[in-house]
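So this block is run.cif, mmCIF, C-alpha atoms:
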data_final
#
loop_
_atom_site.label_atom_id
_atom_site.label_comp_id
_atom_site.auth_asym_id
_atom_site.auth_seq_id
_atom_site.Cartn_x
_atom_site.Cartn_y
_atom_site.Cartn_z
CA MET A 859 30.68 -177.68 77.92
CA THR A 860 30.24 -180.75 75.73
CA SER A 861 27.11 -179.25 74.17
CA VAL A 862 29.02 -176.05 73.42
CA GLN A 863 31.76 -177.97 71.66
CA ASP A 864 29.22 -180.04 69.74
CA ALA A 865 27.58 -176.85 68.46
CA LEU A 866 30.96 -175.40 67.49
CA LYS A 867 31.82 -178.57 65.58
CA ARG A 868 28.78 -178.02 63.37
CA GLN A 869 29.55 -174.37 62.67
CA GLU A 870 30.41 -173.42 59.08
CA ILE A 871 31.92 -170.15 57.86
CA GLU A 872 32.03 -169.50 54.12
CA LEU A 873 35.10 -167.81 52.65
CA PRO A 874 35.00 -165.29 49.78
CA SER A 875 37.26 -166.10 46.85
CA TRP A 876 37.99 -162.40 46.29
CA ALA A 877 39.52 -161.96 49.74
CA PHE A 878 42.53 -163.95 48.54
CA GLY A 879 43.14 -161.61 45.58
CA ASN A 880 44.56 -158.10 45.49
CA SER A 881 42.02 -155.58 46.76
CA GLY A 882 42.07 -152.31 48.61
CA THR A 883 40.60 -148.84 48.78
CA ARG A 884 39.45 -146.62 45.94
CA PHE A 885 42.86 -144.94 46.15
CA LYS A 886 45.29 -147.83 45.97
CA VAL A 887 45.58 -151.59 45.86
CA PHE A 888 48.81 -152.90 47.36
CA THR A 889 49.94 -156.13 45.73
CA GLN A 890 51.40 -159.01 47.73
CA PRO A 891 53.56 -161.99 46.82
CA GLY A 892 51.86 -165.34 46.43
CA VAL A 893 48.45 -163.94 45.46
CA PRO A 894 46.31 -166.36 43.38
CA ARG A 895 46.26 -165.98 39.61
CA SER A 896 43.15 -168.07 38.95
CA PRO A 897 39.93 -169.25 40.57
CA GLN A 898 41.61 -172.60 41.18
CA GLU A 899 44.39 -170.99 43.21
CA LYS A 900 41.85 -168.99 45.22
CA ILE A 901 40.10 -172.27 46.03
CA ALA A 902 43.41 -173.85 47.03
CA ASP A 903 44.06 -171.00 49.46
CA ALA A 904 40.54 -171.28 50.88
CA ALA A 905 41.05 -175.01 51.32
CA THR A 906 44.22 -174.23 53.26
CA VAL A 907 42.24 -172.04 55.66
CA HIS A 908 39.76 -174.88 56.12
CA ARG A 909 42.56 -177.35 56.77
CA PHE A 910 43.83 -175.29 59.69
CA THR A 911 40.46 -174.20 61.13
CA GLY A 912 38.09 -177.04 60.28
CA VAL A 913 35.04 -174.77 59.93
CA ALA A 914 35.40 -173.18 56.48
CA PRO A 915 34.24 -175.87 54.03
CA SER A 916 32.82 -173.64 51.30
CA VAL A 917 34.02 -170.86 49.01
CA ALA A 918 31.80 -168.10 47.60
CA MET A 919 32.56 -167.25 43.97
CA HIS A 920 32.20 -163.93 42.17
CA ILE A 921 31.23 -163.63 38.51
CA PRO A 922 32.96 -162.51 36.32
CA TRP A 923 36.00 -162.36 38.65
CA ASP A 924 35.91 -166.16 38.88
CA LYS A 925 34.71 -166.88 35.37
CA VAL A 926 35.84 -170.20 33.88
CA ASP A 927 34.85 -172.25 30.84
CA ASP A 928 33.72 -175.29 32.83
CA TYR A 929 32.04 -174.68 36.20
CA ALA A 930 31.31 -178.36 36.82
CA GLU A 931 35.03 -178.97 36.49
CA LEU A 932 35.75 -176.12 38.92
CA SER A 933 33.31 -177.63 41.39
CA ALA A 934 35.05 -180.99 41.06
CA TYR A 935 38.40 -179.30 41.67
CA ALA A 936 37.06 -177.72 44.87
CA LYS A 937 35.87 -181.13 46.05
CA GLU A 938 39.35 -182.54 45.43
CA GLN A 939 40.74 -179.76 47.61
CA GLY A 940 38.36 -180.67 50.44
CA VAL A 941 35.89 -177.80 50.05
CA ARG A 942 32.80 -176.97 48.00
CA LEU A 943 31.61 -173.99 45.99
CA GLY A 944 29.16 -171.81 47.88
CA ALA A 945 27.20 -168.70 46.99
CA ILE A 946 27.48 -167.24 43.50
CA ASN A 947 27.90 -163.47 43.68
CA SER A 948 26.82 -161.35 40.71
CA ASN A 949 28.57 -158.24 39.47
CA VAL A 950 26.50 -155.44 37.94
CA PHE A 951 28.66 -152.58 39.16
CA GLN A 952 31.91 -152.75 37.18
CA ASP A 953 30.80 -151.87 33.68
CA ASP A 954 30.59 -148.43 32.09
CA ASP A 955 26.99 -149.17 31.12
CA TYR A 956 26.08 -149.22 34.82
CA LYS A 957 27.04 -145.62 35.53
CA LEU A 958 23.37 -144.71 36.06
CA GLY A 959 22.36 -148.08 37.44
CA SER A 960 22.00 -151.69 36.37
CA VAL A 961 18.55 -153.25 36.85
CA THR A 962 17.15 -149.82 37.78
CA ASN A 963 18.78 -147.95 34.89
CA PRO A 964 16.39 -145.78 32.87
CA ASP A 965 17.75 -147.42 29.69
CA ALA A 966 15.86 -150.66 28.95
CA ARG A 967 18.84 -152.10 27.04
CA ILE A 968 21.09 -151.80 30.07
CA ARG A 969 18.44 -153.25 32.38
CA ARG A 970 18.20 -156.23 30.03
CA LYS A 971 21.97 -156.66 30.05
CA ALA A 972 22.10 -156.60 33.86
CA THR A 973 19.19 -159.01 34.28
CA ASP A 974 20.74 -161.40 31.77
CA HIS A 975 23.91 -161.45 33.87
CA LEU A 976 21.89 -162.39 36.94
CA LEU A 977 20.24 -165.19 34.98
CA GLU A 978 23.69 -166.32 33.84
CA CYS A 979 24.66 -166.59 37.50
CA VAL A 980 21.72 -168.95 38.09
CA ASP A 981 22.98 -171.07 35.19
CA ILE A 982 26.35 -171.21 36.95
CA MET A 983 24.61 -172.26 40.17
CA ASP A 984 23.07 -175.16 38.27
CA ALA A 985 26.53 -176.25 37.15
CA THR A 986 28.25 -175.84 40.53
CA GLY A 987 25.44 -177.13 42.73
CA SER A 988 25.38 -173.82 44.60
CA ARG A 989 22.32 -173.02 46.70
CA ASP A 990 22.60 -169.24 46.97
CA LEU A 991 22.58 -166.36 44.51
CA LYS A 992 23.82 -163.23 46.25
CA LEU A 993 22.74 -159.89 44.83
CA TRP A 994 24.16 -156.50 45.68
CA PHE A 995 23.32 -153.45 43.61
CA SER A 996 25.32 -150.24 43.54
CA ASP A 997 22.30 -148.65 41.85
CA GLY A 998 21.19 -145.25 43.06
CA THR A 999 21.35 -141.54 42.30
CA ASN A 1000 23.67 -138.71 43.29
CA TYR A 1001 21.34 -135.73 42.85
CA PRO A 1002 17.70 -134.85 43.56
CA GLY A 1003 15.66 -135.15 40.39
CA GLN A 1004 18.26 -137.33 38.65
CA ASP A 1005 15.72 -140.12 38.24
CA ASP A 1006 12.28 -141.12 39.50
CA ILE A 1007 12.66 -142.95 42.83
CA GLN A 1008 9.44 -144.95 42.52
CA ASP A 1009 10.14 -145.92 38.91
CA ARG A 1010 13.51 -147.29 40.01
CA GLN A 1011 11.81 -149.45 42.64
CA ASP A 1012 9.43 -150.78 39.97
CA ARG A 1013 12.36 -151.63 37.70
CA LEU A 1014 14.14 -153.37 40.57
CA ALA A 1015 11.06 -155.42 41.42
CA THR A 1016 10.63 -156.47 37.78
CA ALA A 1017 14.22 -157.71 37.49
CA LEU A 1018 14.13 -159.51 40.84
CA LYS A 1019 10.90 -161.28 39.89
CA GLU A 1020 12.36 -162.54 36.61
CA VAL A 1021 15.43 -163.91 38.34
CA TYR A 1022 13.39 -165.34 41.22
CA ASP A 1023 11.21 -167.25 38.78
CA ARG A 1024 14.33 -168.79 37.23
CA LEU A 1025 15.57 -170.24 40.55
CA GLY A 1026 15.38 -173.99 41.09
CA ASP A 1027 13.44 -175.60 43.91
CA ASP A 1028 16.51 -175.84 46.14
CA GLN A 1029 18.01 -172.45 45.24
CA ARG A 1030 17.66 -169.11 47.02
CA MET A 1031 18.15 -165.42 46.38
CA LEU A 1032 20.01 -163.37 49.00
CA LEU A 1033 19.33 -159.65 48.65
CA GLU A 1034 22.03 -157.49 50.24
CA TYR A 1035 21.64 -153.81 51.09
CA LYS A 1036 23.95 -150.86 51.67
CA LEU A 1037 23.32 -147.44 53.18
CA PHE A 1038 25.32 -145.49 50.60
CA GLU A 1039 28.30 -145.63 48.25
CA PRO A 1040 28.78 -145.35 45.37
CA ALA A 1041 25.39 -143.61 45.18
CA PHE A 1042 25.19 -140.67 47.58
CA TYR A 1043 21.68 -139.18 47.32
CA THR A 1044 19.54 -142.31 47.05
CA THR A 1045 20.49 -145.98 47.05
CA ASP A 1046 17.92 -148.33 45.56
CA VAL A 1047 18.40 -150.99 48.27
CA PRO A 1048 19.66 -148.87 51.18
CA ASP A 1049 18.54 -150.84 54.23
CA TRP A 1050 17.19 -154.11 55.60
CA GLY A 1051 13.61 -152.89 55.39
CA THR A 1052 13.81 -152.31 51.64
CA SER A 1053 15.44 -155.70 51.14
CA TYR A 1054 12.86 -157.36 53.37
CA ALA A 1055 9.95 -155.73 51.54
CA HIS A 1056 11.19 -156.97 48.15
CA CYS A 1057 11.91 -160.45 49.53
CA LEU A 1058 8.45 -160.63 51.12
CA GLU A 1059 6.85 -159.74 47.80
CA LEU A 1060 8.94 -162.32 45.92
CA GLY A 1061 8.31 -165.34 48.12
CA PRO A 1062 10.02 -167.92 50.35
CA LYS A 1063 13.12 -168.37 48.20
CA ALA A 1064 14.14 -164.70 48.68
CA THR A 1065 15.89 -163.75 51.92
CA VAL A 1066 17.88 -160.83 53.32
CA CYS A 1067 21.67 -160.77 53.49
CA ILE A 1068 23.14 -158.61 56.27
CA ASP A 1069 26.54 -157.07 55.60
CA THR A 1070 27.76 -155.91 59.01
CA GLY A 1071 29.56 -152.92 57.46
CA HIS A 1072 26.61 -151.55 55.51
CA HIS A 1073 24.79 -149.58 58.20
CA ALA A 1074 24.68 -146.08 59.58
CA PRO A 1075 26.88 -145.53 62.66
CA GLY A 1076 25.13 -146.67 65.82
CA THR A 1077 22.72 -149.03 64.06
CA ASN A 1078 21.66 -151.90 66.32
CA ILE A 1079 22.49 -154.79 63.98
CA GLU A 1080 21.50 -157.46 66.48
CA PHE A 1081 17.95 -156.05 66.49
CA ILE A 1082 17.83 -156.52 62.71
CA VAL A 1083 19.09 -160.08 63.18
CA ALA A 1084 16.45 -160.82 65.80
CA PHE A 1085 13.63 -159.36 63.71
CA LEU A 1086 14.58 -161.21 60.51
CA LEU A 1087 15.03 -164.47 62.40
CA ARG A 1088 11.57 -164.06 63.88
CA VAL A 1089 9.96 -163.69 60.45
CA LYS A 1090 12.24 -166.31 58.86
CA LYS A 1091 13.72 -163.91 56.32
CA LEU A 1092 17.38 -163.90 57.37
CA GLY A 1093 19.36 -165.78 54.75
CA ALA A 1094 22.99 -164.84 55.21
CA PHE A 1095 25.67 -162.62 56.68
CA ASP A 1096 28.61 -160.86 55.08
CA PHE A 1097 30.90 -160.55 58.10
CA ASN A 1098 33.42 -157.72 58.41
CA SER A 1099 34.19 -154.78 60.69
CA ARG A 1100 34.00 -151.04 60.16
CA PHE A 1101 34.88 -147.80 61.90
CA TYR A 1102 33.37 -145.22 59.54
CA ALA A 1103 31.69 -146.70 56.48
CA ASP A 1104 32.04 -149.91 54.50
CA ASP A 1105 35.62 -150.48 55.66
CA ASP A 1106 35.64 -154.27 55.08
CA LEU A 1107 38.08 -154.78 57.95
CA MET A 1108 38.59 -158.14 59.63
CA VAL A 1109 35.43 -159.28 61.42
CA GLY A 1110 35.58 -158.68 65.14
CA SER A 1111 38.58 -156.38 64.90
CA ALA A 1112 36.77 -153.07 65.41
CA ASP A 1113 34.00 -154.11 67.81
CA PRO A 1114 34.24 -157.72 69.04
CA PHE A 1115 31.41 -157.07 71.49
CA GLN A 1116 29.07 -156.28 68.60
CA LEU A 1117 29.99 -159.58 66.96
CA PHE A 1118 29.23 -161.37 70.24
CA ARG A 1119 25.85 -159.62 70.49
CA ILE A 1120 25.00 -160.66 66.93
CA MET A 1121 25.98 -164.27 67.57
CA SER A 1122 24.01 -164.23 70.82
CA GLU A 1123 20.86 -163.52 68.81
CA ILE A 1124 21.79 -166.30 66.40
CA VAL A 1125 22.17 -168.77 69.26
CA ARG A 1126 18.97 -167.55 70.91
CA GLY A 1127 17.15 -168.08 67.60
CA ASN A 1128 18.54 -171.62 67.14
CA ALA A 1129 20.08 -170.48 63.87
CA LEU A 1130 23.70 -171.53 64.31
CA ASP A 1131 23.46 -175.02 62.86
CA PRO A 1132 23.88 -175.15 59.03
CA ALA A 1133 20.51 -176.91 58.89
CA SER A 1134 18.90 -173.59 59.85
CA GLY A 1135 19.82 -172.23 56.42
CA ILE A 1136 21.72 -169.14 57.59
CA ALA A 1137 24.95 -168.69 55.60
CA PHE A 1138 27.79 -167.11 57.58
CA MET A 1139 30.26 -165.65 55.11
CA LEU A 1140 33.26 -163.38 55.41
CA ASP A 1141 33.32 -160.39 53.05
CA GLN A 1142 36.58 -158.60 53.70
CA CYS A 1143 39.37 -156.68 52.01
CA HIS A 1144 42.94 -157.51 53.03
CA ASN A 1145 44.95 -154.64 51.67
CA ILE A 1146 47.86 -154.19 54.10
CA GLU A 1147 47.72 -157.46 56.09
CA VAL A 1148 48.88 -160.83 54.72
CA LYS A 1149 45.77 -162.47 53.36
CA ILE A 1150 45.64 -166.11 54.47
CA PRO A 1151 46.62 -165.48 58.12
CA ALA A 1152 44.12 -162.59 58.20
CA ILE A 1153 41.35 -164.88 57.00
CA ILE A 1154 42.34 -167.57 59.50
CA ARG A 1155 42.26 -164.94 62.25
CA SER A 1156 38.84 -163.77 61.06
CA VAL A 1157 37.46 -167.31 61.20
CA MET A 1158 38.86 -167.62 64.73
CA ASN A 1159 37.21 -164.33 65.71
CA VAL A 1160 33.81 -165.65 64.62
CA GLN A 1161 34.45 -168.90 66.48
CA GLU A 1162 35.35 -167.04 69.67
CA ALA A 1163 32.26 -164.82 69.50
CA THR A 1164 30.13 -167.91 68.86
CA ALA A 1165 31.65 -169.83 71.77
CA LYS A 1166 30.92 -166.95 74.12
CA ALA A 1167 27.36 -166.71 72.83
CA LEU A 1168 26.91 -170.42 73.51
CA LEU A 1169 28.11 -169.91 77.08
CA VAL A 1170 25.35 -167.46 77.94
CA ASP A 1171 23.31 -168.93 80.79
CA ARG A 1172 19.95 -168.70 79.04
CA GLU A 1173 17.98 -169.91 82.04
CA ALA A 1174 19.53 -167.30 84.34
CA LEU A 1175 19.07 -164.64 81.68
CA LYS A 1176 15.38 -165.45 81.24
CA LYS A 1177 14.86 -165.42 84.99
CA ALA A 1178 16.47 -162.00 85.37
CA GLN A 1179 14.49 -160.64 82.43
CA ALA A 1180 11.21 -161.97 83.80
CA GLU A 1181 11.94 -160.38 87.18
CA GLY A 1182 12.88 -157.06 85.60
CA ASP A 1183 16.37 -157.31 87.10
CA VAL A 1184 18.19 -155.12 84.60
CA LEU A 1185 21.65 -155.34 86.18
CA GLU A 1186 21.53 -159.10 86.66
CA ALA A 1187 20.40 -159.69 83.07
CA ASN A 1188 23.25 -157.56 81.76
CA ALA A 1189 25.69 -159.31 84.11
CA VAL A 1190 24.71 -162.74 82.77
CA LEU A 1191 25.48 -161.58 79.25
CA MET A 1192 28.75 -159.93 80.28
CA ASP A 1193 29.90 -163.00 82.21
CA ALA A 1194 29.77 -164.99 78.99
CA TYR A 1195 31.45 -162.26 76.96
CA ASN A 1196 34.29 -161.92 79.46
CA THR A 1197 35.05 -165.65 79.42
CA ASP A 1198 38.36 -166.59 77.77
CA VAL A 1199 37.21 -169.24 75.28
CA ARG A 1200 40.56 -169.70 73.56
CA PRO A 1201 41.50 -172.79 75.63
CA LEU A 1202 38.10 -174.33 74.86
CA LEU A 1203 38.59 -173.78 71.13
CA ALA A 1204 42.16 -175.08 71.23
CA ASP A 1205 40.93 -178.27 72.92
CA LEU A 1206 38.19 -178.60 70.33
CA ARG A 1207 40.66 -178.36 67.44
CA GLU A 1208 43.03 -180.84 69.03
CA SER A 1209 40.15 -183.27 69.52
CA GLN A 1210 39.66 -183.07 65.74
CA SER A 1211 43.35 -183.79 65.03
CA MET A 1212 44.18 -180.15 64.25
CA ASP A 1213 46.67 -177.82 65.87
CA GLY A 1214 45.17 -175.81 68.72
CA ASP A 1215 46.77 -172.65 67.28
CA PRO A 1216 45.82 -172.36 63.57
CA ILE A 1217 47.95 -169.27 62.94
CA ALA A 1218 51.11 -170.84 64.35
CA ALA A 1219 50.41 -174.07 62.47
CA TYR A 1220 49.98 -172.20 59.19
CA LYS A 1221 53.22 -170.31 59.67
CA ARG A 1222 55.08 -173.58 60.29
CA SER A 1223 53.50 -175.29 57.29
CA GLY A 1224 55.61 -173.53 54.66
CA TYR A 1225 52.52 -172.94 52.50
CA PHE A 1226 53.17 -169.23 52.14
CA GLU A 1227 56.76 -169.72 51.06
CA GLN A 1228 55.63 -172.33 48.54
CA ILE A 1229 52.95 -170.18 46.89
CA VAL A 1230 55.31 -167.21 46.71
CA GLN A 1231 57.67 -169.39 44.74
CA ASP A 1232 55.03 -171.11 42.62
CA ARG A 1233 53.13 -167.92 41.75
CA ALA A 1234 56.04 -165.66 40.91
CA ASP A 1235 54.89 -165.33 37.30
CA GLY A 1236 51.55 -164.46 35.74
CA GLN A 1237 48.74 -162.02 36.42
CA GLN A 1238 47.57 -161.80 40.01
CA ALA A 1239 43.83 -161.88 40.65
CA GLY A 1240 42.12 -158.75 41.88
CA TRP A 1241 38.90 -156.79 41.68
CA GLY A 1242 39.05 -156.77 37.91
CA ALA A 1243 39.73 -160.49 37.39
#

Could you take the file, read its structure, and then write that structure out as structure tokens?
Amino acid sequence: MTSVQDALKRQEIELPSWAFGNSGTRFKVFTQPGVPRSPQEKIADAATVHRFTGVAPSVAMHIPWDKVDDYAELSAYAKEQGVRLGAINSNVFQDDDYKLGSVTNPDARIRRKATDHLLECVDIMDATGSRDLKLWFSDGTNYPGQDDIQDRQDRLATALKEVYDRLGDDQRMLLEYKLFEPAFYTTDVPDWGTSYAHCLELGPKATVCIDTGHHAPGTNIEFIVAFLLRVKKLGAFDFNSRFYADDDLMVGSADPFQLFRIMSEIVRGNALDPASGIAFMLDQCHNIEVKIPAIIRSVMNVQEATAKALLVDREALKKAQAEGDVLEANAVLMDAYNTDVRPLLADLRESQSMDGDPIAAYKRSGYFEQIVQDRADGQQAGWGA
């Protein structure tokens, strides 16, 4: 049990700045009181989550949603709050020019504009000390014949190569993928195989980012995790849950068993420790639930799935697998999954001078009431800012 707690102490879960702002569906964004008005206030909220959970020491930023004049100053502010700036996320999907694509657009001027933005994000990484550049492209087509599929892959490869060559020695590129939406006929990076192929061509500083909501129904995500771990091309996760498409619901809320299975492969691959280089980040949309408690709960969900994965009796599992004992092998896995790890995690937090119940502690803290009062005026942050 001590080894399980030691592993959990080293776990890190990165928080997305945009999860603290107003976001929602394509139909409506419901505003909430106390929502941040600036990148600094997003960081302060993320630092609050870290204070109550102890495992969320970094904040992913999104450009231009988190654009500031002085990124070194923003990084220093994060340090003062007890956290650090994490991955820098680019945005080449919210501009009218990108209607037909960004780096794969048939118009060379627009491709140049998009690539320049990605290079700008690397400049920001230099200023913040961030390791990871996360790329997601909405590029694709809606109709057969709309554009040449192979030409678009060539354009994508050209842009990725230029950005890759700009990365520093200690910086990485994380290439995310998505099955569909907003493109409905073809998506230029639709699956892990496409991402992997481009990353393989680019080199060791390019790795795949798995968003758990970006797959076709029934996709075995843990197989993808296992494969990419084996070939050392898994760079990061965007954790969330889905029922139908890219729902961006709280991680572990729709299918906690899937989250456990994913974390079991992470543990089996010795990839849990931050030294392994795998970034575990939330990427969620809190539209109807109160944001900070939802993020705290999400962090706890990942912790619980991880704790259960660490409790799998690997020796017994290997023995059953070697003997071809299908039922026993499954039972070993299920025994770990069915274990109530909440007391273990509560003890762990208390041993680190934190409250065993982060949600209850946050509610008692008065932080929400204070930010509602302090942020009554001004423009709330959202998808457009």

Any chance you could resolve the PyMOL selection byres ((chain A and resi 877) around 9) against this file and give the residues as a PyMOL selection string? chain A and resi 873-876+878-881+900+1140-1144+1149-1150+1153+1240

Could those selected residues go to a file with C-alpha atoms, as a short mmCIF file (atom, residue, chain, number, x, y, z; two decimals), keeping the file's coordinate frame?
data_model
loop_
_atom_site.label_atom_id
_atom_site.label_comp_id
_atom_site.auth_asym_id
_atom_site.auth_seq_id
_atom_site.Cartn_x
_atom_site.Cartn_y
_atom_site.Cartn_z
CA LEU A 873 35.10 -167.81 52.65
CA PRO A 874 35.00 -165.29 49.78
CA SER A 875 37.26 -166.10 46.85
CA TRP A 876 37.99 -162.40 46.29
CA PHE A 878 42.53 -163.95 48.54
CA GLY A 879 43.14 -161.61 45.58
CA ASN A 880 44.56 -158.10 45.49
CA SER A 881 42.02 -155.58 46.76
CA LYS A 900 41.85 -168.99 45.22
CA LEU A 1140 33.26 -163.38 55.41
CA ASP A 1141 33.32 -160.39 53.05
CA GLN A 1142 36.58 -158.60 53.70
CA CYS A 1143 39.37 -156.68 52.01
CA HIS A 1144 42.94 -157.51 53.03
CA LYS A 1149 45.77 -162.47 53.36
CA ILE A 1150 45.64 -166.11 54.47
CA ILE A 1153 41.35 -164.88 57.00
CA GLY A 1240 42.12 -158.75 41.88
#

Excluding A:Met1121 and residues on its chain fewer than 2 positions from it, collect all residues at most 7 Å away from it, counting only C-alpha atoms, and give them as JSON, numbers by chain. {"A": [1117, 1118, 1119, 1123, 1124, 1125, 1163, 1164, 1167]}

What is the distance between atom CA of A:Asp1009 and atom CA of A:Pro964, in Å to one decimal? 8.7 Å

Could you tell me, as a tab-separated table (two decimals) with C-alpha atoms, in the frame of the given file, exactly which residues end up selected when the PyMOL selection byres ((chain A and resi 979) around 12) is applied to this structure?
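Ended up saving to expr_5.tsv:
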chain	number	residue	atom	x	y	z
A	919	MET	CA	32.56	-167.25	43.97
A	920	HIS	CA	32.20	-163.93	42.17
A	921	ILE	CA	31.23	-163.63	38.51
A	922	PRO	CA	32.96	-162.51	36.32
A	924	ASP	CA	35.91	-166.16	38.88
A	925	LYS	CA	34.71	-166.88	35.37
A	929	TYR	CA	32.04	-174.68	36.20
A	945	ALA	CA	27.20	-168.70	46.99
A	946	ILE	CA	27.48	-167.24	43.50
A	947	ASN	CA	27.90	-163.47	43.68
A	948	SER	CA	26.82	-161.35	40.71
A	949	ASN	CA	28.57	-158.24	39.47
A	950	VAL	CA	26.50	-155.44	37.94
A	972	ALA	CA	22.10	-156.60	33.86
A	973	THR	CA	19.19	-159.01	34.28
A	974	ASP	CA	20.74	-161.40	31.77
A	975	HIS	CA	23.91	-161.45	33.87
A	976	LEU	CA	21.89	-162.39	36.94
A	977	LEU	CA	20.24	-165.19	34.98
A	978	GLU	CA	23.69	-166.32	33.84
A	980	VAL	CA	21.72	-168.95	38.09
A	981	ASP	CA	22.98	-171.07	35.19
A	982	ILE	CA	26.35	-171.21	36.95
A	983	MET	CA	24.61	-172.26	40.17
A	984	ASP	CA	23.07	-175.16	38.27
A	985	ALA	CA	26.53	-176.25	37.15
A	986	THR	CA	28.25	-175.84	40.53
A	987	GLY	CA	25.44	-177.13	42.73
A	988	SER	CA	25.38	-173.82	44.60
A	989	ARG	CA	22.32	-173.02	46.70
A	990	ASP	CA	22.60	-169.24	46.97
A	991	LEU	CA	22.58	-166.36	44.51
A	992	LYS	CA	23.82	-163.23	46.25
A	993	LEU	CA	22.74	-159.89	44.83
A	1021	VAL	CA	15.43	-163.91	38.34
A	1022	TYR	CA	13.39	-165.34	41.22
A	1024	ARG	CA	14.33	-168.79	37.23
A	1025	LEU	CA	15.57	-170.24	40.55
A	1029	GLN	CA	18.01	-172.45	45.24
A	1031	MET	CA	18.15	-165.42	46.38

Set the distance at 12 Å and use all atoms listed in the file: which residues neighbour A:Ser1211 once local chain neighbours fewer than 6 positions away are removed? I'd like the list as an MDAnalysis selection string. chainID A and resid 909:912 1204:1205

Identify the residues within 9 Å of coordinate (34.2, -164.9, 63.0) (same frame as the file), considering all atoms listed in the file, and give the answer as number ranges by chain. A: 871, 1097-1098, 1108-1110, 1117, 1138-1140, 1155-1164

Please, what distance in Å, to one decimal, runs between atom CA of A:Gln1116 and atom CA of A:Arg1088? 19.7 Å

Using all atoms listed in the file, which of the listed residues (A:Leu932, A:Ile1146, A:Leu943, A:Leu1087) sits closest to A:Asn1128?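 Once distances to A:Asn1128 are computed over all atoms listed in the file, the minimum belongs to A:Leu1087.
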
Just so the selection is clear, what residues does the PyMOL selection byres ((chain A and resi 1036) around 9) cover here, as a list in words?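 Selected by the PyMOL selection byres ((chain A and resi 1036) around 9) in this file: Trp994, Phe995, Ser996, Glu1034, Tyr1035, Leu1037, Phe1038, Glu1039, Thr1045, Asp1046, Val1047, Pro1048, Asp1049, Trp1050, Asp1069, Gly1071, His1072, His1073 and Asp1104 of chain A.
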
For A:Tyr935, the nearest of the candidates A:Asp1105, A:Glu899, A:Asp1012, A:Asp864, counting all atoms listed in the file: A:Glu899

Go through A:Gln1238, A:Thr1077, A:Thr1065, A:Ser1223 and flag the residue nearest A:Gly892, using only C-alpha atoms for the distances.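 The closest residue to A:Gly892 is A:Gln1238.
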
Skipping near chain neighbours, those fewer than 3 positions away, what residues fall within 8 Å of stretch 883-891 of chain A using all atoms listed in the file, listed as a PyMOL selection string? chain A and resi 880+1145-1146+1148+1230+1233-1234

Selection file, C-alpha atoms, as a PDB file, keeping the file's coordinate frame:
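Contents of the output file again.pdb:
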ATOM      1  CA  ASN A 880      44.560-158.100  45.490  1.00  0.00           C
ATOM      2  CA  ASN A1145      44.950-154.640  51.670  1.00  0.00           C
ATOM      3  CA  ILE A1146      47.860-154.190  54.100  1.00  0.00           C
ATOM      4  CA  VAL A1148      48.880-160.830  54.720  1.00  0.00           C
ATOM      5  CA  VAL A1230      55.310-167.210  46.710  1.00  0.00           C
ATOM      6  CA  ARG A1233      53.130-167.920  41.750  1.00  0.00           C
ATOM      7  CA  ALA A1234      56.040-165.660  40.910  1.00  0.00           C
TER       8      ALA A1234
END

For atom CA of A:Ala1137 and atom CA of A:Leu1058, determine how far apart the two atoms are, in Å to one decimal place. 18.9 Å
